[in-house]
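Containing mmCIF, C-alpha atoms: run.cif.
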```cif
data_input
loop_
_atom_site.group_PDB
_atom_site.id
_atom_site.type_symbol
_atom_site.label_atom_id
_atom_site.label_comp_id
_atom_site.auth_asym_id
_atom_site.auth_seq_id
_atom_site.Cartn_x
_atom_site.Cartn_y
_atom_site.Cartn_z
ATOM 1 C CA MET A 182 77.314 54.128 84.750
ATOM 2 C CA SER A 183 76.269 57.331 86.559
ATOM 3 C CA VAL A 184 78.353 60.491 86.818
ATOM 4 C CA LEU A 185 79.123 59.816 90.474
ATOM 5 C CA GLU A 186 80.167 56.222 89.851
ATOM 6 C CA SER A 187 82.811 57.525 87.447
ATOM 7 C CA VAL A 188 84.333 60.053 89.892
ATOM 8 C CA PRO A 189 87.906 58.990 90.810
ATOM 9 C CA ASP A 190 89.024 59.039 94.458
ATOM 10 C CA ALA A 191 91.671 61.649 93.585
ATOM 11 C CA CYS A 192 90.482 64.497 91.385
ATOM 12 C CA THR A 193 90.298 68.280 91.034
ATOM 13 C CA VAL A 194 87.192 69.739 92.686
ATOM 14 C CA PHE A 195 85.875 72.825 90.869
ATOM 15 C CA PHE A 196 83.339 75.417 92.033
ATOM 16 C CA ALA A 197 81.825 78.144 89.832
ATOM 17 C CA ASP A 198 79.472 80.819 91.103
ATOM 18 C CA LEU A 199 77.585 83.739 89.557
ATOM 19 C CA ALA A 200 78.287 87.135 91.116
ATOM 20 C CA GLY A 201 75.521 89.717 91.291
ATOM 21 C CA SER A 202 72.556 87.395 90.851
ATOM 22 C CA THR A 203 70.772 88.747 93.951
ATOM 23 C CA ARG A 204 70.938 92.282 92.620
ATOM 24 C CA LEU A 205 69.788 91.037 89.206
ATOM 25 C CA TYR A 206 66.587 89.609 90.746
ATOM 26 C CA GLU A 207 65.962 92.956 92.435
ATOM 27 C CA ARG A 208 66.484 94.993 89.267
ATOM 28 C CA ALA A 209 65.104 92.787 86.512
ATOM 29 C CA GLY A 210 62.382 90.855 88.310
ATOM 30 C CA ASP A 211 62.117 87.167 89.069
ATOM 31 C CA ALA A 212 61.146 85.877 85.614
ATOM 32 C CA VAL A 213 63.842 87.716 83.633
ATOM 33 C CA ALA A 214 66.535 87.039 86.223
ATOM 34 C CA TYR A 215 65.662 83.349 86.453
ATOM 35 C CA ARG A 216 65.952 82.887 82.680
ATOM 36 C CA LEU A 217 69.346 84.629 82.583
ATOM 37 C CA VAL A 218 70.691 82.661 85.545
ATOM 38 C CA GLU A 219 69.538 79.390 83.954
ATOM 39 C CA GLN A 220 71.206 80.418 80.695
ATOM 40 C CA CYS A 221 74.433 81.081 82.597
ATOM 41 C CA LEU A 222 74.261 77.752 84.414
ATOM 42 C CA GLN A 223 73.636 75.870 81.182
ATOM 43 C CA GLY A 224 76.672 77.564 79.638
ATOM 44 C CA MET A 225 78.753 76.657 82.692
ATOM 45 C CA ARG A 226 77.748 73.007 82.460
ATOM 46 C CA GLN A 227 78.544 72.838 78.760
ATOM 47 C CA GLU A 228 82.002 74.362 79.221
ATOM 48 C CA VAL A 229 82.861 72.045 82.115
ATOM 49 C CA GLN A 230 81.908 69.041 80.012
ATOM 50 C CA ALA A 231 83.792 70.393 76.985
ATOM 51 C CA CYS A 232 86.943 70.510 79.145
ATOM 52 C CA GLY A 233 86.560 66.921 80.327
ATOM 53 C CA GLY A 234 84.847 67.658 83.638
ATOM 54 C CA ARG A 235 81.785 66.111 85.282
ATOM 55 C CA VAL A 236 79.108 68.292 86.851
ATOM 56 C CA ILE A 237 78.057 66.891 90.240
ATOM 57 C CA LYS A 238 75.288 69.332 91.149
ATOM 58 C CA ASN A 239 74.071 72.915 91.096
ATOM 59 C CA THR A 240 74.981 75.037 94.131
ATOM 60 C CA GLY A 241 72.427 77.841 94.174
ATOM 61 C CA ASP A 242 73.560 80.122 91.349
ATOM 62 C CA GLY A 243 76.615 78.009 90.582
ATOM 63 C CA LEU A 244 77.849 74.455 90.268
ATOM 64 C CA LEU A 245 80.181 71.839 91.682
ATOM 65 C CA ALA A 246 82.213 69.718 89.259
ATOM 66 C CA VAL A 247 85.225 67.413 89.211
ATOM 67 C CA PHE A 248 88.082 66.886 86.741
ATOM 68 C CA SER A 249 90.215 63.776 86.516
ATOM 69 C CA ASP A 250 92.773 65.899 84.637
ATOM 70 C CA PRO A 251 93.475 69.106 86.643
ATOM 71 C CA ASN A 252 94.398 70.985 83.457
ATOM 72 C CA GLY A 253 90.724 71.052 82.543
ATOM 73 C CA ALA A 254 89.921 73.266 85.538
ATOM 74 C CA PRO A 255 91.692 76.512 84.484
ATOM 75 C CA GLU A 256 90.522 76.010 80.906
ATOM 76 C CA ALA A 257 86.933 75.650 82.114
ATOM 77 C CA ALA A 258 87.320 78.768 84.275
ATOM 78 C CA ILE A 259 88.348 80.875 81.293
ATOM 79 C CA ARG A 260 85.636 79.405 79.070
ATOM 80 C CA ILE A 261 82.978 80.042 81.719
ATOM 81 C CA HIS A 262 84.193 83.614 82.151
ATOM 82 C CA ASN A 263 83.949 84.205 78.404
ATOM 83 C CA VAL A 264 80.452 82.681 78.179
ATOM 84 C CA VAL A 265 79.129 84.844 81.004
ATOM 85 C CA GLN A 266 80.850 87.982 79.705
ATOM 86 C CA ASP A 267 79.291 87.512 76.269
ATOM 87 C CA LEU A 268 75.780 87.747 77.707
ATOM 88 C CA PRO A 269 74.086 91.151 77.268
ATOM 89 C CA ARG A 270 73.456 93.532 80.141
ATOM 90 C CA VAL A 271 70.048 93.172 81.764
ATOM 91 C CA SER A 272 68.581 96.180 83.575
ATOM 92 C CA GLY A 273 71.993 97.805 83.322
ATOM 93 C CA GLN A 274 73.762 94.919 85.042
ATOM 94 C CA LYS A 275 76.519 92.729 83.661
ATOM 95 C CA MET A 276 76.865 89.187 84.976
ATOM 96 C CA ALA A 277 80.208 87.792 86.099
ATOM 97 C CA ALA A 278 81.531 84.481 87.380
ATOM 98 C CA ARG A 279 84.070 83.516 90.008
ATOM 99 C CA MET A 280 85.690 80.105 90.298
ATOM 100 C CA ALA A 281 87.957 78.010 92.524
ATOM 101 C CA PHE A 282 89.573 74.568 92.371
ATOM 102 C CA HIS A 283 91.591 72.247 94.590
ATOM 103 C CA THR A 284 93.091 68.809 93.984
ATOM 104 C CA GLY A 285 92.900 65.867 96.376
ATOM 105 C CA THR A 286 90.852 62.863 97.394
ATOM 106 C CA VAL A 287 87.056 62.877 97.735
ATOM 107 C CA ILE A 288 84.384 60.656 99.224
ATOM 108 C CA VAL A 289 81.541 59.679 96.888
ATOM 109 C CA SER A 290 78.190 59.138 98.595
ATOM 110 C CA ASP A 291 74.727 58.938 97.075
ATOM 111 C CA GLU A 292 74.382 61.937 94.728
ATOM 112 C CA ASP A 293 77.191 64.085 96.129
ATOM 113 C CA ILE A 294 80.893 64.230 97.008
ATOM 114 C CA PHE A 295 82.381 65.094 100.389
ATOM 115 C CA GLY A 296 85.670 65.480 102.198
ATOM 116 C CA ASP A 297 88.450 67.926 102.967
ATOM 117 C CA THR A 298 89.172 68.556 99.274
ATOM 118 C CA VAL A 299 85.605 69.757 98.714
ATOM 119 C CA ASN A 300 85.727 71.934 101.830
ATOM 120 C CA VAL A 301 89.004 73.618 100.837
ATOM 121 C CA ALA A 302 87.742 74.300 97.305
ATOM 122 C CA ALA A 303 84.582 75.889 98.746
ATOM 123 C CA ARG A 304 86.651 78.134 101.044
ATOM 124 C CA LEU A 305 88.909 79.140 98.148
ATOM 125 C CA LEU A 306 85.796 80.276 96.281
ATOM 126 C CA GLU A 307 85.212 82.804 99.080
ATOM 127 C CA LEU A 308 88.524 84.475 98.100
ATOM 128 C CA ALA A 309 87.631 84.767 94.414
ATOM 129 C CA THR A 310 86.353 88.007 92.932
ATOM 130 C CA PRO A 311 84.357 88.297 89.672
ATOM 131 C CA GLY A 312 86.411 87.332 86.648
ATOM 132 C CA ARG A 313 88.940 85.405 88.730
ATOM 133 C CA ALA A 314 89.661 81.823 89.666
ATOM 134 C CA ILE A 315 91.507 80.826 92.842
ATOM 135 C CA ALA A 316 93.537 77.621 92.804
ATOM 136 C CA SER A 317 95.311 75.760 95.578
ATOM 137 C CA GLU A 318 99.030 75.058 95.531
ATOM 138 C CA GLN A 319 98.230 71.344 95.207
ATOM 139 C CA SER A 320 96.332 71.987 91.960
ATOM 140 C CA VAL A 321 98.975 74.311 90.526
ATOM 141 C CA GLN A 322 101.701 71.716 91.080
ATOM 142 C CA GLU A 323 99.730 69.275 88.914
ATOM 143 C CA LEU A 324 99.216 71.690 86.006
ATOM 144 C CA GLN A 325 101.152 71.820 82.770
ATOM 145 C CA PRO A 326 103.783 74.615 82.585
ATOM 146 C CA GLU A 327 101.702 76.799 80.249
ATOM 147 C CA TRP A 328 98.918 76.914 82.835
ATOM 148 C CA ARG A 329 101.253 77.417 85.793
ATOM 149 C CA SER A 330 102.680 80.511 84.116
ATOM 150 C CA LEU A 331 99.217 82.135 84.134
ATOM 151 C CA LEU A 332 98.534 81.590 87.839
ATOM 152 C CA HIS A 333 99.993 84.158 90.208
ATOM 153 C CA PRO A 334 100.732 83.410 93.891
ATOM 154 C CA LEU A 335 98.829 85.237 96.611
ATOM 155 C CA GLN A 336 99.866 85.568 100.222
ATOM 156 C CA SER A 337 99.373 82.465 102.360
ATOM 157 C CA ARG A 338 96.372 82.755 104.622
ATOM 158 C CA SER A 339 94.057 80.890 106.958
ATOM 159 C CA LEU A 340 90.820 79.703 105.410
ATOM 160 C CA ARG A 341 87.628 79.502 107.431
ATOM 161 C CA GLY A 342 87.287 76.003 108.864
ATOM 162 C CA VAL A 343 90.743 74.911 107.622
ATOM 163 C CA SER A 344 93.410 74.537 110.334
ATOM 164 C CA ARG A 345 96.513 74.775 108.150
ATOM 165 C CA LEU A 346 97.755 77.781 106.192
ATOM 166 C CA THR A 347 96.827 77.736 102.501
ATOM 167 C CA ALA A 348 98.953 79.151 99.665
ATOM 168 C CA PRO A 349 96.423 80.217 96.994
ATOM 169 C CA PHE A 350 97.075 81.202 93.387
ATOM 170 C CA GLU A 351 94.939 83.490 91.220
ATOM 171 C CA LEU A 352 93.998 83.224 87.549
ATOM 172 C CA VAL A 353 92.723 86.529 86.124
ATOM 173 C CA CYS A 354 90.489 85.203 83.372
ATOM 174 C CA GLU A 355 89.963 88.427 81.420
ATOM 175 C CA SER A 356 93.715 88.952 81.058
ATOM 176 C CA VAL A 357 94.210 85.638 79.242
ATOM 177 C CA GLY A 358 92.074 86.223 76.157
ATOM 178 C CA ASP A 359 92.491 83.630 73.431
ATOM 179 C CA LEU A 360 93.461 80.299 74.994
ATOM 180 C CA THR A 361 96.137 79.772 72.340
ATOM 181 C CA VAL A 362 97.976 82.970 73.310
ATOM 182 C CA VAL A 363 100.136 83.109 76.405
ATOM 183 C CA GLN A 364 101.470 86.564 77.227
ATOM 184 C CA THR A 365 104.215 87.093 79.784
ATOM 185 C CA VAL A 366 105.752 90.309 81.000
ATOM 186 C CA ASN A 367 109.507 90.251 81.537
ATOM 187 C CA LEU A 368 110.790 93.168 83.554
ATOM 188 C CA ASP A 369 114.335 93.902 84.630
ATOM 189 C CA ALA A 370 114.703 93.821 88.400
ATOM 190 C CA ASP A 371 115.563 97.537 88.451
ATOM 191 C CA ASN A 372 112.348 98.382 86.563
ATOM 192 C CA ALA A 373 110.009 95.913 88.269
ATOM 193 C CA PRO A 374 106.929 97.702 89.607
ATOM 194 C CA GLU A 375 106.480 98.036 93.350
ATOM 195 C CA LEU A 376 103.822 99.666 95.495
ATOM 196 C CA ARG A 377 104.336 100.509 99.154
ATOM 197 C CA LEU A 378 101.313 100.648 101.452
ATOM 198 C CA THR A 379 101.590 102.228 104.900
ATOM 199 C CA SER A 380 98.929 102.385 107.615
ATOM 200 C CA ALA A 381 98.972 102.934 111.352
ATOM 201 C CA SER A 382 99.227 99.179 111.897
ATOM 202 C CA ARG A 383 101.736 98.044 109.270
ATOM 203 C CA SER A 384 103.737 98.667 106.109
ATOM 204 C CA LEU A 385 103.565 96.351 103.096
ATOM 205 C CA THR A 386 105.361 96.354 99.737
ATOM 206 C CA LEU A 387 103.671 94.769 96.723
ATOM 207 C CA ASN A 388 105.723 93.445 93.815
ATOM 208 C CA ALA A 389 105.974 90.399 91.555
ATOM 209 C CA GLN A 390 106.577 88.154 94.585
ATOM 210 C CA THR A 391 103.736 89.699 96.611
ATOM 211 C CA PRO A 392 101.314 90.835 93.872
ATOM 212 C CA SER A 393 98.160 91.579 95.864
ATOM 213 C CA ALA A 394 96.773 92.835 99.167
ATOM 214 C CA ARG A 395 93.315 92.788 100.724
ATOM 215 C CA LEU A 396 92.034 95.808 102.637
ATOM 216 C CA GLY A 397 89.239 95.807 105.208
ATOM 217 C CA ARG A 398 88.081 95.084 108.757
ATOM 218 C CA ALA A 399 88.428 91.294 108.528
ATOM 219 C CA THR A 400 91.209 89.733 110.571
ATOM 220 C CA SER A 401 92.452 88.073 107.361
ATOM 221 C CA SER A 402 93.043 91.481 105.711
ATOM 222 C CA ASP A 403 96.626 92.283 104.716
ATOM 223 C CA ILE A 404 95.977 95.908 105.694
ATOM 224 C CA ARG A 405 93.385 95.961 108.455
ATOM 225 C CA VAL A 406 91.359 98.997 109.597
ATOM 226 C CA THR A 407 88.906 99.430 112.474
ATOM 227 C CA ASP A 408 86.557 102.074 111.028
ATOM 228 C CA THR A 409 82.999 100.751 111.283
ATOM 229 C CA ARG A 410 82.140 102.252 107.880
ATOM 230 C CA ALA A 411 84.686 99.957 106.260
ATOM 231 C CA SER A 412 83.501 96.554 105.046
ATOM 232 C CA ARG A 413 85.116 93.363 106.275
ATOM 233 C CA GLU A 414 86.366 92.604 102.757
ATOM 234 C CA HIS A 415 86.424 96.176 101.530
ATOM 235 C CA ALA A 416 88.846 96.322 98.598
ATOM 236 C CA HIS A 417 91.932 94.737 97.150
ATOM 237 C CA ILE A 418 94.984 95.858 95.194
ATOM 238 C CA GLU A 419 96.534 93.620 92.558
ATOM 239 C CA LEU A 420 99.441 93.752 90.131
ATOM 240 C CA ARG A 421 98.305 93.536 86.497
ATOM 241 C CA GLY A 422 101.232 93.551 84.105
ATOM 242 C CA ASP A 423 103.221 96.604 85.223
ATOM 243 C CA LYS A 424 100.365 98.460 87.001
ATOM 244 C CA PHE A 425 98.744 98.206 90.416
ATOM 245 C CA VAL A 426 94.941 98.257 90.309
ATOM 246 C CA LEU A 427 92.679 99.114 93.248
ATOM 247 C CA VAL A 428 89.325 97.261 93.148
ATOM 248 C CA ASP A 429 86.466 98.330 95.441
ATOM 249 C CA ARG A 430 83.801 95.832 96.504
ATOM 250 C CA SER A 431 82.461 97.592 99.598
ATOM 251 C CA SER A 432 79.179 99.026 100.807
ATOM 252 C CA ASN A 433 80.404 102.583 101.426
ATOM 253 C CA GLY A 434 83.101 103.000 98.777
ATOM 254 C CA THR A 435 86.849 103.571 98.770
ATOM 255 C CA PHE A 436 88.039 107.194 98.795
ATOM 256 C CA VAL A 437 91.170 107.835 96.734
ATOM 257 C CA ALA A 438 93.322 110.962 96.844
ATOM 258 C CA ILE A 439 96.236 111.022 94.391
ATOM 259 C CA ASP A 440 98.719 113.796 95.172
ATOM 260 C CA GLY A 441 97.838 116.988 93.297
ATOM 261 C CA GLU A 442 94.353 115.752 92.372
ATOM 262 C CA ARG A 443 90.902 115.999 93.962
ATOM 263 C CA GLU A 444 89.729 113.075 96.072
ATOM 264 C CA PHE A 445 87.242 110.719 94.387
ATOM 265 C CA VAL A 446 85.296 107.682 95.515
ATOM 266 C CA LEU A 447 85.180 104.199 93.960
ATOM 267 C CA SER A 448 81.953 102.210 94.297
ATOM 268 C CA HIS A 449 82.303 98.656 92.918
ATOM 269 C CA GLU A 450 84.801 100.093 90.412
ATOM 270 C CA GLU A 451 88.544 99.971 89.903
ATOM 271 C CA VAL A 452 91.360 102.438 89.218
ATOM 272 C CA VAL A 453 95.066 102.267 88.394
ATOM 273 C CA LEU A 454 97.086 103.713 91.271
ATOM 274 C CA ARG A 455 99.593 106.377 90.185
ATOM 275 C CA LYS A 456 102.386 108.325 91.839
ATOM 276 C CA ARG A 457 101.491 108.548 95.517
ATOM 277 C CA GLY A 458 98.449 109.340 97.592
ATOM 278 C CA ARG A 459 96.036 108.230 100.299
ATOM 279 C CA LEU A 460 93.192 105.715 100.611
ATOM 280 C CA ALA A 461 90.329 105.803 103.117
ATOM 281 C CA LEU A 462 87.785 102.998 103.486
ATOM 282 C CA GLY A 463 84.148 103.975 103.833
ATOM 283 C CA ARG A 464 84.579 107.718 104.360
ATOM 284 C CA SER A 465 86.627 110.672 103.099
ATOM 285 C CA ALA A 466 90.264 110.849 104.191
ATOM 286 C CA ALA A 467 89.446 114.185 105.812
ATOM 287 C CA ASP A 468 87.099 112.407 108.227
ATOM 288 C CA SER A 469 88.957 109.118 108.682
ATOM 289 C CA GLN A 470 91.387 107.971 111.348
ATOM 290 C CA ASP A 471 92.409 104.928 109.253
ATOM 291 C CA ILE A 472 94.434 106.402 106.404
ATOM 292 C CA ILE A 473 96.369 104.083 104.087
ATOM 293 C CA GLU A 474 99.197 105.873 102.249
ATOM 294 C CA PHE A 475 100.524 104.475 98.983
ATOM 295 C CA ILE A 476 103.504 105.236 96.784
ATOM 296 C CA CYS A 477 104.374 103.696 93.422
ATOM 297 C CA LEU A 478 108.115 102.941 93.434
#
```

Structure encoded using structure tokens:
Amino acid sequence: MSVLESVPDACTVFFADLAGSTRLYERAGDAVAYRLVEQCLQGMRQEVQACGGRVIKNTGDGLLAVFSDPNGAPEAAIRIHNVVQDLPRVSGQKMAARMAFHTGTVIVSDEDIFGDTVNVAARLLELATPGRAIASEQSVQELQPEWRSLLHPLQSRSLRGVSRLTAPFELVCESVGDLTVVQTVNLDADNAPELRLTSASRSLTLNAQTPSARLGRATSSDIRVTDTRASREHAHIELRGDKFVLVDRSSNGTFVAIDGEREFVLSHEEVVLRKRGRLALGRSAADSQDIIEFICL
């Protein structure tokens, strides 16, 4: 019996993708980069199979797989993250993986699977950043409680090519560590961390119920700017434990000015936001008309 013949009609569709492979080819050369990418893909396949999944096919520098038991998907995501992270730097670059999964019915045809479930999982992958896995609400509802406690809700949003609103959840793989250890942070309501973001267009408060925000020119951004030097998906802010972390993934950098300190720029880096200050996307706050003010409450 082939892999495809054993795929159930209802299953969890899982995508994994290597981040930074294009830059790796530029820096390390085709031969070195190809060997490292193949090593990563082989590790991905092994971890999917170890967690009870079936690899359907490679997708460029990633793979498509299915799980009959949805609990195998988050476990595979963490295992894949650890495998990729353990690889040495090549030409100064560290590889990283991003994942996504969604549960529903699929259509099996020839050597592939199709259908709305596959499409939604692929769109969820577009939301994932390196070291993270994005899961749909349908998948999270099917998970065991110990897995559900590790997935944090993000704001509902429209996915490209999907008519209905989607309520995604995020698994931050590097924060999990050993799979046998589950860490939770219990904070009194009075001491729960909050971050208020204010721009010309809107004000938004991040907390345990709304733990992240995306900044950029895209219409899907939680805080949207119009500056042409800002990237469509410029940066995001996320709650990690009791701290809010700003992560830049833009072309021109994110400029950060914390009150009482000199402005600095993040370029594909991250920083813990403290006290209060200002953010500018793509150019210094002194030259920008799209200032985002923040205050840690």

**OP:** For the structure provided, state which residues fall under the PyMOL selection byres ((chain A and resi 387) around 9), and present them as JSON, numbers by chain.
**Re:** {"A": [374, 375, 376, 377, 378, 385, 386, 388, 389, 390, 391, 392, 393, 394, 418, 419, 420, 425]}

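For A:His283, the set of protein, DNA and RNA residues having any atom at most 7 Å away, when counting all atoms listed in the file and skipping those fewer than 5 positions along the same chain, is A:Thr193, A:Val194, A:Phe195, A:Thr298, A:Val301, A:Ala302, A:Ala316, A:Ser317, A:Gln319, A:Ser320.
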
**OP:** Can you give me, as a ChimeraX atom specification, the residues this file yields under the PyMOL selection byres ((chain A and resi 245) around 8)?
**Re:** /A:194-197,236-240,243-244,246-247

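Shortest separation to A:Gly224 among A:Gln266, A:Ser202, A:Asn252, A:Thr407 occurs at residue A:Gln266, atoms counted being all atoms listed in the file.
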
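If you look at atom CA of A:Leu352 and atom CA of A:Phe445, they are 29.1 Å away from each other.
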
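With atom CA of A:Ala438 on one side and atom CA of A:Thr310 on the other, the separation reads 24.3 Å.
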
Subject >> Contacts of A:Ser412 at 12 Å (all atoms listed in the file; same-chain gap of 4+ positions) as a PyMOL selection string >> reply: chain A and resi 395-400+402+405-408+416-417+429-435+461-464

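Straight-line separation from atom CA of A:Glu323 to atom CA of A:Phe350: 13.0 Å.
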
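For the set A:Arg235, A:Ala278, A:Gly210, A:Ile261, the residue with the smallest atom-to-atom gap to A:Asp293 is A:Arg235, counting all atoms listed in the file.
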
Subject >> Expansion of the PyMOL selection byres ((chain A and resi 458) around 8) into residues, as number ranges by chain >> reply: A: 437-440, 456-457, 459-460, 474-476

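With only C-alpha atoms as the atoms that count, the minimum distance from A:Leu340 to the choices A:Ala303, A:Ile473, A:Met225, A:Val265 is reached by A:Ala303.
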
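Proximity ranking of A:Val452, A:Val271, A:Leu427, A:Ala348 relative to A:Gln322 places A:Ala348 first, based on all atoms listed in the file.
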
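Distance annotation: of A:Asp267, A:Asp471, A:Asp297, A:Glu292, the residue with the minimal separation from A:Thr409 is A:Asp471; atom set is all atoms listed in the file.
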
Original post:
A:Lys424: which residues within 8 Å, counting only C-alpha atoms, same-chain residues fewer than 2 positions away excluded, as number ranges by chain?
Top reply: A: 374, 420-422, 426, 453-454
